[in-house]
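Worksheet: one structure, shown below.
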Number of protein chains: 2
Amino acid sequence: MGVVVNLDQERAKSSPLDRLAKLVEDDLKAANTAIVERMHSPVSLIPQLAGHIIAAGGKRLRPMLTLASARMCGYTGDRHILLSACIEFIHTATLLHDDVVDESDLRRGEASANALWGNKASVLVGDFLFTRSFALMVEDGDLEVLRILSQGSSILAEGEVLQLVTANDTETSESAYMEVIEAKTAELFAAASELGPVIAGRPKKEQDAFRAYGLNLGIAFQLIDDVLDFSAKQESLGKAVGDDFREGKITLPIVLAFARGSEEERTFWRRTMEELDQNDGDIKHATDLLVKHNALTDTVERARHYGAIARDALGVFPESDIKTALLDVIDFCIERAY
Amino acid sequence: MGVVVNLDQERAKSSPLDRLAKLVEDDLKAANTAIVERMHSPVSLIPQLAGHIIAAGGKRLRPMLTLASARMCGYTGDRHILLSACIEFIHTATLLHDDVVDESDLRRGEASANALWGNKASVLVGDFLFTRSFALMVEDGDLEVLRILSQGSSILAEGEVLQLVTANDTETSESAYMEVIEAKTAELFAAASELGPVIAGRPKKEQDAFRAYGLNLGIAFQLIDDVLDFSAKQESLGKAVGDDFREGKITLPIVLAFARGSEEERTFWRRTMEELDQNDGDIKHATDLLVKHNALTDTVERARHYGAIARDALGVFPESDIKTALLDVIDFCIERAY
């Protein structure tokens with residue numbers, strides 16, 4: 001039992017993401033090398049700008065899902081390396097375009113690419129990364145992989161447009177909001193996770209299990225991101241508190257508080273979120289309203305629900321170090337709210 | 001001989017594009033239907049915005065190249081329909097992003113999508129069309145087709161970044177400029193043309209021939225577009241004269257005039273193109289300098305050179321109505337300068 005306690009202490013000290021990274025260490029190094037090599041272009045602005053955002057402290061969570069699911073399914077080849085680079089390119093392309101759309105000056109605590117090189121460069125280098133990601137998929141050449149990734153990116157892009165349409169609309173329903181984040185965030189988690197069993201030639205049941213894991217983890221991840229926008233914890237993540245609020249971005253905490261609020265409170269939300277007429281103290285008042293209606297704690301509860309589904313999805317697999325790490329990642333994504 | 005004269009009169013009356021469209025009429029109708037169906041999304045902003053730009057008087061030149069090359073190669077299936085829609089989506093995505101990057105308010109004489117719906121929507125719907133085009137390629141499922149289209153879009157995107165880097169640089173050399181337009185314009189013409197022989201299962205020689213046709217036609221097409229920016233003819237095409245000039249976009253006529261100009265003239269080009277310090281009468285003066293140095297007529301001569309290569313590339317094919325129309329399209333693309 002002493003050993004178990006020591007292992008638990010070991011687990012408690014490092015973050016589950018670090019432990020997962022350690023378990024796929026060599027693959028992650030190879031993936032990082034592939035990412036740098038494959039974003040190369042004689043047009044030097046491309047590796048400069050893409051390198052800035054890719055190097056800027058990303059957790060590599062999405063590519064790690066591909067690496068880990070492949071290993072957990074007993075895959076012994078090297079296709080997962082290029083495919084995880086492909087996932088990171090899709091993710092990076094959307095980050096670049098998100099920052100243009102949101103007019104963000106900061107990304108993970110550093111100046112955003114659009115702040116440094118301008119919107120035009122961010123749009124066009126984002127396009128380059130999108131098209132390069134497709135060239136990487138085609139290099140893999142497996143039609144099931146191509147289907148997963150091309151449909152996945154299409155759903156992601158559709159989700160980004162849907163988010164733009166529902167932005168600043170305080171009447172957004174919980175289900176409409178869930179539809180947005182399932183498409184714009186969770187779909188790429190799902191596709192990344194699903195690739196492992198597919199390239200390992202595992203049965204459909206395991207592919208479905210990993211897809212469900214990724215999808216529900218992605219939803220939980222996004223819900224906690226939404227909560228963090230109103231949390232002091234956020235500053236330690238290199239993102240300013242209240243970014244979503246200042247842009248009038250409707251997230252689940254606000255959907256809940258608006259639905260539960262008085263007419264006077266709804267007037268407040270309409271002024272700040274729809275008309276973007278915001279004054280000093282508004283963000284404090286918004287946070288007070290979210291707390292009053294348990295909107296933040298209930299959003300965390302919703303996240304826990306999806307986390308539980310993600311956990312059960314991996315039930316079809318035998319115990320292993322990687323499985324334990326993947327399960328711990330769920331808790332980590334949720335507990336970072338505190 | 002009377003009949004020949006009548007046919008020539010008939011040819012002289014209608015534009016070669018119309019004649020080509022007539023020769024692939026049923027396919028073009030099917031392609032238009034596919035374009036509308038495949039840009040559909042429950043997120044209504046997507047078909048609204050994409051439909052606006054796709055409907056706005058585009059010539060469908062690129063998708064027609066796929067339809068015509070397929071037919072000319074004796075292809076009898078229906079894969080060319082979806083692939084031509086795919087080509088149009090890639091083209092439309094780049095138009096949407098170009099208009100954001102160029103801050104254009106007009107596109108083919110109508111309000112541009114970014115002017116109507118804003119830059120954010122144009123960026124994200126452009127992304128959607130890019131990803132949807134990849135989903136269409138994957139639906140086709142042929143790895144050679146996937147290679148041509150994914151590499152083609154990647155080269156196109158790289159060319160867009162290269163153009164951004166060389167924009168406003170009066171020191172741009174002719175060869176650097178040719179590299180930009182080969183990537184950003186001619187590559188998609190080449191890919192579109194190459195698809196026909198590939199899906200028809202024709203020998204590599206015919207694939208290469210159609211690729212050379214498309215590539216050189218695309219270069220000629222772009223060079224004439226550059227000339228048209230300084231031509232009154234332009235207004236009849238629904239584009240304001242001097243758009244490129246006002247943006248400080250360096251094109252071949254300016255590259256030539258700058259290289260041939262006096263130091264005083266170069267100071268003028270630097271002020272207007274690099275510093276974007278432009279006054280009334282500058283565009284008139286710019287046009288006078290281009291005429292003085294034969295920069296417009298010599299750009300047309302360069303276009304004729306590429307047109308001649310495109311013509312010779314189709315020499316490996318026997319005579320046919322479609323071949324005649326494709327050859328006439330070359331002349332049409334060049335002669336529209338006058």
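Lettering and numbering for the structure tokens are positional, with chains as A, B, ... in the shown order, residues counted from 1 in each chain, and ligands counted from 1 in the shown order.
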* Mind listing as a count of residues only which residues of chain B are within 9 Å of chain A, counting only C-alpha atoms? -> 50
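For Lys204 (chain B), the non-local neighbours within 12 Å, defined as residues at least 6 positions apart in the same chain or in other chains and counting only C-alpha atoms, are Glu144, Glu194, Leu195, Gly196, Pro197, Val198, Phe210, Arg211 and Val316 of chain B.
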* Asked: Contacts of region 14-27 of chain A at 12 Å or less, counting only C-alpha atoms, minus same-chain residues fewer than 6 places along, as a PyMOL selection string?
  -> chain A and resi 7-8+33-34+58-72+75-85+320-336
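Proximity to Ala308 (chain A) was assessed for A:Leu217, A:Leu228, A:Asp277, A:Glu264 counting only C-alpha atoms; the smallest distance is recorded for A:Leu217.
Candidate residues A:Ile309, A:Phe189, A:Gly315, A:Thr170 were compared for distance to Thr272 (chain A), and the nearest is A:Thr170, using only C-alpha atoms.
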